[in-house]
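Note: the block below is coords_31.txt and it holds compact mmCIF, C-alpha atoms.
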# COMPACT_ATOMS: atom_id res chain seq x y z
CA MET A 628 140.27 145.64 -9.01
CA LYS A 629 137.82 146.35 -6.20
CA LYS A 630 134.90 146.05 -8.63
CA ILE A 631 136.13 142.68 -9.86
CA SER A 632 136.51 141.40 -6.28
CA LEU A 633 133.02 142.62 -5.40
CA ILE A 634 131.57 140.89 -8.47
CA LEU A 635 133.32 137.61 -7.51
CA ILE A 636 132.03 137.80 -3.93
CA LEU A 637 128.46 138.46 -5.13
CA THR A 638 128.72 135.57 -7.61
CA LEU A 639 129.92 133.13 -4.91
CA ALA A 640 127.17 134.22 -2.52
CA LEU A 641 124.50 133.74 -5.19
CA SER A 642 125.87 130.27 -6.03
CA SER A 643 125.77 129.29 -2.36
CA LEU A 644 122.17 130.41 -2.10
CA LEU A 645 121.22 128.40 -5.18
CA LEU A 646 122.96 125.27 -3.84
CA ALA A 647 121.33 125.68 -0.43
CA ASP A 648 117.96 126.01 -2.14
CA ALA A 649 118.59 122.78 -4.09
CA ASP A 650 119.58 120.93 -0.86
CA LEU A 651 116.48 122.23 0.85
CA LYS A 652 114.28 120.97 -1.97
CA GLN A 653 115.98 117.58 -1.77
CA ASP A 654 115.44 117.48 2.03
CA ILE A 655 111.79 118.35 1.52
CA LYS A 656 111.49 115.58 -1.09
CA ASP A 657 113.11 113.09 1.32
CA LEU A 658 110.77 114.19 4.08
CA GLU A 659 107.81 113.68 1.78
CA ASP A 660 109.11 110.17 1.00
CA VAL A 661 109.36 109.42 4.72
CA ASN A 662 105.85 110.75 5.33
CA ARG A 663 104.48 108.65 2.46
CA LEU A 664 106.24 105.57 3.90
CA ILE A 665 104.72 106.22 7.33
CA MET A 666 101.30 106.50 5.73
CA GLU A 667 101.84 103.18 3.95
CA LEU A 668 102.75 101.52 7.24
CA LYS A 669 100.09 103.24 9.30
CA GLY A 670 98.44 100.87 11.74
CA LEU A 671 101.31 98.37 11.74
CA ASP A 672 103.25 97.57 14.90
CA ASP A 673 106.97 97.14 15.61
CA VAL A 674 107.13 94.00 13.49
CA ASN A 675 108.63 92.33 10.48
CA THR A 676 105.98 94.25 8.54
CA ARG A 677 107.89 97.26 9.88
CA VAL A 678 110.27 96.51 7.05
CA VAL A 679 113.59 98.11 6.28
CA ILE A 680 112.89 99.27 2.70
CA ASN A 681 115.06 98.20 -0.21
CA ARG A 682 114.72 101.46 -2.11
CA THR A 683 113.81 101.54 -5.75
CA GLY A 684 112.52 105.03 -6.28
CA GLY A 685 111.41 105.12 -2.63
CA LYS A 686 109.41 101.88 -2.83
CA GLU A 687 110.04 98.41 -1.40
CA ALA A 688 111.82 96.07 -3.82
CA SER A 689 109.48 93.43 -5.23
CA ASP A 690 111.72 90.58 -4.04
CA ALA A 691 112.27 91.85 -0.49
CA ALA A 692 111.79 89.06 2.05
CA TYR A 693 108.44 89.23 3.80
CA PHE A 694 107.24 87.01 6.66
CA GLY A 695 104.16 88.79 7.97
CA LEU A 696 105.03 88.70 11.67
CA TYR A 697 104.51 90.97 14.64
CA LEU A 698 107.67 90.60 16.70
CA GLU A 699 109.23 92.00 19.83
CA ASP A 700 112.27 91.28 21.94
CA LEU A 701 111.69 88.46 24.43
CA THR A 702 111.55 89.51 28.10
CA PHE A 703 112.44 87.32 31.06
CA PRO A 704 108.91 87.40 32.60
CA LYS A 705 107.39 86.38 29.25
CA ALA A 706 109.94 83.56 28.88
CA GLN A 707 109.00 82.30 32.35
CA THR A 708 105.32 82.40 31.44
CA LEU A 709 106.03 80.27 28.35
CA ASN A 710 108.27 77.86 30.36
CA TYR A 711 111.21 78.78 28.14
CA LYS A 712 114.61 78.37 29.82
CA GLY A 713 116.81 79.61 26.96
CA ASN A 714 118.43 83.00 26.51
CA ILE A 715 117.96 83.68 22.79
CA GLY A 716 114.94 84.26 20.60
CA VAL A 717 112.39 86.80 19.43
CA LEU A 718 108.73 86.63 20.46
CA VAL A 719 105.85 86.41 17.96
CA THR A 720 103.05 88.73 19.13
CA GLY A 721 100.87 88.44 16.03
CA VAL A 722 100.66 87.08 12.48
CA VAL A 723 99.38 88.85 9.34
CA ARG A 724 96.47 86.97 7.79
CA ASP A 725 97.34 85.07 4.57
CA SER A 726 101.03 85.93 4.93
CA PRO A 727 103.80 83.31 4.55
CA ALA A 728 103.99 82.98 8.35
CA TRP A 729 100.22 82.48 8.50
CA ASN A 730 100.36 79.75 5.85
CA TYR A 731 103.14 77.92 7.74
CA ARG A 732 101.11 78.02 10.99
CA ILE A 733 103.45 80.24 12.98
CA GLN A 734 101.48 81.23 16.08
CA GLU A 735 101.30 83.95 18.68
CA ASP A 736 103.68 83.21 21.59
CA ASP A 737 106.01 81.17 19.39
CA ILE A 738 109.66 82.01 20.10
CA ILE A 739 111.79 82.09 16.93
CA LEU A 740 115.22 80.66 17.79
CA SER A 741 116.90 80.56 14.39
CA VAL A 742 116.29 81.41 10.74
CA HIS A 743 118.30 79.98 7.87
CA ASN A 744 120.69 78.25 10.33
CA LYS A 745 121.50 81.58 12.05
CA GLU A 746 120.67 82.26 15.70
CA VAL A 747 118.02 84.88 16.37
CA THR A 748 119.14 86.58 19.57
CA ASN A 749 116.68 89.50 19.36
CA TYR A 750 114.60 91.55 16.92
CA ALA A 751 117.63 93.34 15.44
CA ALA A 752 119.28 89.98 14.68
CA PHE A 753 116.08 88.81 12.98
CA GLU A 754 116.05 91.90 10.78
CA ARG A 755 119.68 91.37 9.73
CA ILE A 756 118.89 87.80 8.70
CA ARG A 757 115.70 88.88 6.90
CA LYS A 758 117.54 91.51 4.85
CA ALA A 759 119.88 88.81 3.51
CA LEU A 760 116.92 86.77 2.23
CA ARG A 761 114.80 87.24 -0.88
CA ALA A 762 111.34 86.12 -1.88
CA GLY A 763 111.43 82.50 -3.03
CA ASP A 764 114.29 81.50 -0.71
CA VAL A 765 113.68 78.41 1.43
CA ALA A 766 114.79 78.96 5.03
CA THR A 767 114.76 76.55 7.97
CA ILE A 768 112.83 78.07 10.89
CA VAL A 769 113.27 76.76 14.44
CA VAL A 770 110.69 77.82 17.03
CA PHE A 771 109.99 77.03 20.68
CA ARG A 772 106.33 76.12 21.21
CA ASP A 773 104.49 74.39 24.07
CA GLY A 774 107.60 73.20 25.87
CA LYS A 775 109.54 71.86 22.88
CA THR A 776 111.35 73.03 19.75
CA GLU A 777 109.95 72.50 16.27
CA SER A 778 111.72 72.91 12.94
CA PHE A 779 110.29 73.36 9.45
CA ASP A 780 111.33 74.67 6.03
CA MET A 781 109.53 77.86 4.97
CA THR A 782 109.40 79.45 1.52
CA ILE A 783 109.90 83.19 1.99
CA GLY A 784 107.30 85.44 0.36
CA SER A 785 107.17 89.08 -0.76
CA ARG A 786 104.83 91.90 0.09
CA GLY A 787 104.21 92.67 -3.61
CA SER A 788 103.86 96.06 -5.26
CA SER A 789 100.66 95.65 -7.28
CA SER A 790 98.38 96.73 -4.45
CA GLY A 791 98.73 99.83 -2.38
CA SER A 792 96.79 98.34 0.51
CA THR A 793 98.43 97.14 3.67
CA PRO A 794 97.78 93.58 4.87
CA VAL A 795 95.48 93.44 7.87
CA PRO A 796 96.87 91.63 10.93
CA GLN A 797 94.94 88.51 11.84
CA THR A 798 92.33 88.82 14.53
CA PRO A 799 93.74 87.18 17.65
CA THR A 800 92.16 83.78 18.13
CA LYS A 801 92.28 81.41 21.05
CA LYS A 802 95.50 79.43 20.86
CA LYS A 803 95.01 75.70 20.36
CA LEU A 804 95.86 73.86 23.54
CA SER A 805 98.38 71.05 23.44
CA PRO A 806 97.41 67.59 24.75
CA GLY A 807 101.04 67.10 25.83
CA TYR A 808 103.97 65.02 24.67
CA GLY A 809 103.90 61.96 26.90
CA GLY A 810 106.26 60.75 29.58
CA GLY A 811 106.50 58.14 32.31
CA THR A 812 106.32 57.67 36.05
CA TRP A 813 106.05 55.51 39.12
CA VAL A 814 102.32 54.82 39.61
CA PRO A 815 101.49 53.44 43.08
CA LEU A 816 98.12 51.71 42.69
CA TRP A 817 95.40 51.04 45.23
CA MET A 818 92.98 48.26 44.21
CA GLU A 819 89.87 46.85 45.82
CA LEU A 820 90.20 43.11 45.23
CA ASP A 821 88.05 40.19 46.44
CA MET A 822 90.46 38.05 48.48
CA THR A 823 87.76 35.77 49.96
CA ASP A 824 88.86 32.51 48.27
CA ILE A 825 92.53 33.06 49.13
CA ASN A 826 91.74 34.00 52.72
CA ASP A 827 89.53 30.91 53.14
CA LEU A 828 92.53 28.78 52.17
CA ILE A 829 95.24 30.39 54.28
CA THR A 830 93.08 30.81 57.40
CA ASP A 831 92.20 27.10 57.48
CA PRO A 832 93.22 25.73 60.91
CA ALA A 833 95.77 23.42 59.29
CA LEU A 834 97.69 26.49 58.13
CA GLY A 835 96.48 29.08 60.61
CA PHE A 836 97.61 32.22 58.78
CA GLY A 837 95.88 35.57 59.17
CA ALA A 838 93.75 36.93 56.31
CA PHE A 839 94.93 39.38 53.68
CA PRO A 840 93.04 42.73 53.47
CA MET A 841 90.30 43.11 50.86
CA SER A 842 92.25 45.92 49.19
CA ILE A 843 95.89 45.85 48.13
CA TYR A 844 98.43 48.60 47.63
CA CYS A 845 100.79 48.01 44.71
CA ASN A 846 103.80 50.17 45.44
CA LYS A 847 105.77 48.56 42.64
CA ALA A 848 104.24 50.13 39.56
CA TRP A 849 105.42 51.86 36.38
CA ALA A 850 103.71 53.46 33.40
CA ALA A 851 104.71 55.36 30.26
CA LYS A 852 102.98 56.73 27.16
CA LEU A 853 103.80 58.52 23.91
CA PRO A 854 101.60 60.51 21.50
CA VAL A 855 100.42 58.80 18.30
CA GLY A 856 98.41 61.72 16.88
CA LYS A 857 95.07 63.50 17.27
CA GLY A 858 95.34 63.51 21.06
CA TYR A 859 95.78 59.74 21.38
CA PHE A 860 98.58 58.27 23.51
CA LEU A 861 99.86 54.69 23.36
CA GLY A 862 101.77 53.21 26.27
CA GLY A 863 102.08 50.48 28.84
CA GLN A 864 101.63 49.90 32.55
CA ILE A 865 102.58 47.20 35.04
CA THR A 866 101.84 46.90 38.78
CA TRP A 867 102.56 44.16 41.26
CA TYR A 868 101.99 43.41 44.93
CA GLU A 869 103.78 40.98 47.26
CA ASP A 870 103.28 39.85 50.85
CA SER A 871 104.64 36.93 52.85
CA LYS A 872 103.79 35.10 56.07
CA ARG A 873 105.59 32.51 58.21
CA LYS A 874 104.26 30.22 60.94
CA ASN A 875 105.77 27.52 63.13
CA VAL A 876 103.89 24.22 63.21
CA ALA A 877 102.92 23.32 66.78
CA ASP A 878 104.67 20.38 68.46
CA SER A 879 107.15 19.91 65.59
CA ASN A 880 110.34 21.26 64.13
CA TYR A 881 108.50 22.29 60.98
CA HIS A 882 107.42 25.76 59.91
CA VAL A 883 105.30 26.88 56.97
CA TRP A 884 106.25 29.83 54.80
CA LEU A 885 103.72 31.54 52.49
CA GLN A 886 104.27 34.16 49.81
CA TYR A 887 101.45 35.86 47.85
CA SER A 888 101.87 38.02 44.74
CA SER A 889 99.55 39.70 42.29
CA THR A 890 100.61 41.19 38.97
CA MET A 891 98.57 43.27 36.51
CA GLY A 892 99.78 44.99 33.33
CA GLY A 893 99.16 45.61 29.68
CA VAL A 894 99.00 48.05 26.78
CA THR A 895 97.23 51.37 27.31
CA LEU A 896 95.44 53.68 24.85
CA ASP A 897 94.25 57.08 26.07
CA LYS A 898 92.52 60.05 24.46
CA ARG A 899 93.66 63.28 26.06
CA ILE A 900 91.49 66.40 26.20
CA PRO A 901 93.34 69.61 27.18
CA ILE A 902 91.36 71.75 29.60
CA THR A 903 93.88 74.56 30.12
CA LYS A 904 97.50 75.03 29.14
CA ASN A 905 98.65 73.01 32.16
CA VAL A 906 95.70 70.71 32.83
CA THR A 907 94.55 67.77 30.71
CA ALA A 908 91.94 65.07 31.21
CA SER A 909 91.82 61.72 29.45
CA MET A 910 89.73 58.61 28.98
CA GLY A 911 91.42 55.34 28.17
CA LEU A 912 91.65 51.57 28.36
CA MET A 913 94.31 49.08 29.40
CA VAL A 914 94.19 45.58 27.90
CA GLY A 915 96.51 42.91 29.23
CA GLY A 916 96.78 40.23 31.86
CA ALA A 917 96.81 39.58 35.62
CA ASN A 918 97.32 36.74 38.04
CA HIS A 919 97.14 35.52 41.63
CA GLU A 920 100.09 33.45 42.81
CA LEU A 921 100.58 31.57 46.10
CA GLU A 922 103.82 29.80 47.03
CA PHE A 923 104.06 27.44 50.00
CA VAL A 924 107.08 25.89 51.71
CA ASN A 925 106.79 23.40 54.59
CA THR A 926 110.19 22.48 56.04
CA ASP A 927 112.09 21.50 59.17
CA ALA A 928 115.23 23.13 57.69
CA ASN A 929 117.13 19.89 58.33
CA TYR A 930 118.85 18.94 55.09
CA ASP A 931 121.70 16.45 54.79
CA TRP A 932 123.24 15.53 51.49
CA ASP A 933 123.34 11.82 52.14
CA SER A 934 119.74 11.88 53.40
CA LEU A 935 118.29 13.94 50.52
CA PRO A 936 116.72 10.94 48.71
CA ASN A 937 114.78 9.99 51.85
CA ILE A 938 113.93 13.64 52.57
CA ILE A 939 112.54 14.09 49.05
CA THR A 940 110.44 10.96 49.10
CA GLY A 941 109.65 10.35 52.74
CA SER A 942 109.61 13.61 54.72
CA ASN A 943 107.11 16.37 55.26
CA ASN A 944 109.29 18.91 53.43
CA THR A 945 107.15 20.28 50.60
CA HIS A 946 107.32 23.21 48.20
CA PHE A 947 104.85 24.15 45.50
CA LYS A 948 103.30 27.14 43.76
CA LEU A 949 99.62 27.86 43.00
CA SER A 950 98.59 30.20 40.20
CA LYS A 951 95.49 31.55 38.48
CA GLY A 952 95.65 33.79 35.41
CA TYR A 953 93.27 36.29 33.79
CA LEU A 954 92.81 38.50 30.77
CA ILE A 955 92.30 42.09 31.95
CA ALA A 956 90.34 45.06 30.60
CA GLN A 957 90.66 48.25 32.64
CA PRO A 958 88.71 51.36 31.55
CA ARG A 959 89.99 54.44 33.35
CA ALA A 960 89.89 58.25 33.54
CA GLU A 961 92.88 60.49 34.26
CA LEU A 962 93.58 64.08 35.32
CA LEU A 963 97.07 65.54 34.86
CA VAL A 964 98.18 68.90 36.29
CA ARG A 965 101.55 70.28 35.14
CA PHE A 966 103.69 72.39 37.49
CA LEU A 967 106.89 72.48 35.41
CA PRO A 968 107.47 71.71 31.70
CA TRP A 969 108.72 68.26 32.74
CA LEU A 970 106.86 67.57 36.01
CA GLY A 971 103.23 67.30 37.09
CA ILE A 972 100.89 65.31 39.29
CA ARG A 973 98.60 62.62 37.90
CA ALA A 974 95.47 61.03 39.36
CA GLU A 975 93.64 58.11 37.75
CA GLY A 976 90.56 56.08 38.62
CA GLY A 977 89.33 52.95 36.88
CA TYR A 978 87.86 49.49 37.14
CA ALA A 979 89.81 46.31 36.40
CA TYR A 980 87.78 43.39 35.08
CA GLY A 981 89.42 39.98 34.78
CA ILE A 982 88.30 37.19 32.48
CA ASN A 983 89.31 33.74 33.76
CA LEU A 984 91.70 31.89 31.50
CA ARG A 985 90.79 28.65 33.35
CA GLU A 986 88.18 27.93 35.99
CA ASN A 987 90.49 26.03 38.34
CA TRP A 988 93.70 27.00 40.10
CA ARG A 989 96.86 25.24 38.88
CA VAL A 990 100.01 23.97 40.60
CA ILE A 991 103.06 25.11 38.64
CA GLY A 992 105.81 22.55 38.42
CA MET A 993 109.29 22.46 36.94
CA GLY A 994 109.40 23.43 33.29
CA GLU A 995 106.21 25.44 33.93
CA GLU A 996 104.06 22.30 33.61
CA GLU A 997 100.70 22.72 35.27
CA TYR A 998 98.60 20.43 37.45
CA GLU A 999 94.91 21.18 37.90
CA VAL A 1000 93.72 21.56 41.50
CA SER A 1001 90.38 19.78 41.58
CA GLY A 1002 87.59 21.44 43.53
CA SER A 1003 89.34 24.82 43.52
CA PRO A 1004 87.09 27.93 43.38
CA ASN A 1005 86.59 30.06 40.27
CA THR A 1006 88.22 33.09 41.94
CA LYS A 1007 87.41 36.48 40.42
CA TYR A 1008 89.92 39.22 39.68
CA GLU A 1009 88.14 42.59 39.50
CA GLY A 1010 87.73 45.80 41.44
CA ILE A 1011 88.04 49.58 41.58
CA THR A 1012 91.52 51.00 41.01
CA PHE A 1013 92.96 54.37 41.98
CA THR A 1014 96.40 55.93 41.65
CA VAL A 1015 97.93 59.32 42.36
CA GLY A 1016 101.56 60.33 42.00
CA PRO A 1017 104.16 62.33 40.07
CA TRP A 1018 104.33 62.41 36.26
CA PHE A 1019 107.60 63.11 34.50
CA GLY A 1020 106.75 64.75 31.19
CA PHE A 1021 103.42 66.16 29.98
Here is the file; what I need is its structure written in the form of structure tokens.
Amino acid sequence: MKKISLILILTLALSSLLLADADLKQDIKDLEDVNRLIMELKGLDDVNTRVVINRTGGKEASDAAYFGLYLEDLTFPKAQTLNYKGNIGVLVTGVVRDSPAWNYRIQEDDIILSVHNKEVTNYAAFERIRKALRAGDVATIVVFRDGKTESFDMTIGSRGSSSGSTPVPQTPTKKKLSPGYGGGTWVPLWMELDMTDINDLITDPALGFGAFPMSIYCNKAWAAKLPVGKGYFLGGQITWYEDSKRKNVADSNYHVWLQYSSTMGGVTLDKRIPITKNVTASMGLMVGGANHELEFVNTDANYDWDSLPNIITGSNNTHFKLSKGYLIAQPRAELLVRFLPWLGIRAEGGYAYGINLRENWRVIGMGEEEYEVSGSPNTKYEGITFTVGPWFGF
């Protein structure tokens, strides 16, 4: 009985040793597989190319989803640098040359927000989404780039198994600078304008008004522009200036009231040239119209309903408006510096040149009928312009 027990014990011990030896061989084989995988991925970073393998005999499945991206979790300082205010996303740190991501123009410093209508909160979330995809699938990719989100449909590729070589990451290249996305603002305009003819009229002793300055400040001014492609921006601008004067007529109950206004506006076309990420310069042209307008009222402020017919036909109460219009061409240059994704400061210098629509001034009557003022001067409308102020947008 003791011999039989001893034989059984020896048999069990030998079996255990054989099984342990088999497990050890399997562990060694698995370790070799891991080492071979590391060698295959040698030189690659913590990226989508750091794939989670779909094992078929230790190799990646031929239809495993492959993007060709270097990715890392987005940090708060990096998000601030990119002017990104969100709290989800994974950062692209590089793109593999000739990969699907390369072909769809995904760039370094893009922030991937969602893939296939699923939020990408971090790298781990991206990997979970990637594992559910296969080569040939079409997925909608949403990225944050240059202050705005962009969306496009991407056909997912595969790494392929015919070549044992590893794709080489693209050599970092200088990122293409954005010319901006447009915006609008209040544009206070200073303009050097020849007011000689107008001042000669209003300073005549019969009127006795003081002269206007030879430069005007248009504090009522607005401009906006939108991109139309290839760095060109189409928009519009309007500025206007108003001033008024009043004077009592000596030895009478009458007083004279004068109001002057000047308006200039039109369609703008600018070509922007980015200098840095937050600074752009541009050259452009505004084409539109402008005018001088003078309105006079002479009155004793004594109006009686029953006496109105006599007042209209036989008193010194008068009221009329003078106007002169122009076609305007304004070449200009602009510099825009961005402080926030939606706010910057803009400075612009130019020269406004007016082409007379008519040589003489006109009196504007009811129904906008016009009466030519004989002997009136051929007043010019031209001068240097300058503006500086905030810009809402980029």
Write out, as a tab-separated table, each residue of segment 855-881 of chain A that has an atom at most 9 Å from segment 832-837 of chain A, together with the closest pair of atoms and their distance in Å to one decimal, counting all atoms listed in the file, rows going by chain and rising number.
residue	atom	partner	partner_atom	distance
A:Lys872	CA	A:Phe836	CA	7.3
A:Arg873	CA	A:Phe836	CA	8.0
A:Lys874	CA	A:Phe836	CA	7.3
A:Val876	CA	A:Leu834	CA	8.3
Could the residues in this selection be written to a file with C-alpha atoms, as a PDB file, in the coordinates of the input?
ATOM      1  CA  LYS A 872     103.790  35.100  56.070  1.00  0.00           C
ATOM      2  CA  ARG A 873     105.590  32.510  58.210  1.00  0.00           C
ATOM      3  CA  LYS A 874     104.260  30.220  60.940  1.00  0.00           C
ATOM      4  CA  VAL A 876     103.890  24.220  63.210  1.00  0.00           C
TER       5      VAL A 876
END
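Here atom CA of Ser726 of chain A is placed at a distance of 17.4 Å from atom CA of Lys758 of chain A.
In this structure, atom CA of Pro1004 of chain A sits 22.7 Å away from atom CA of Val883 of chain A.
Between Trp849 of chain A and the residues A:Leu861, A:Leu701, A:Ile938, A:Leu816, the shortest atom-to-atom distance, using all atoms listed in the file, involves A:Leu816.
If you look at atom CA of Gly992 of chain A and atom CA of Val924 of chain A, they are 13.8 Å away from each other.
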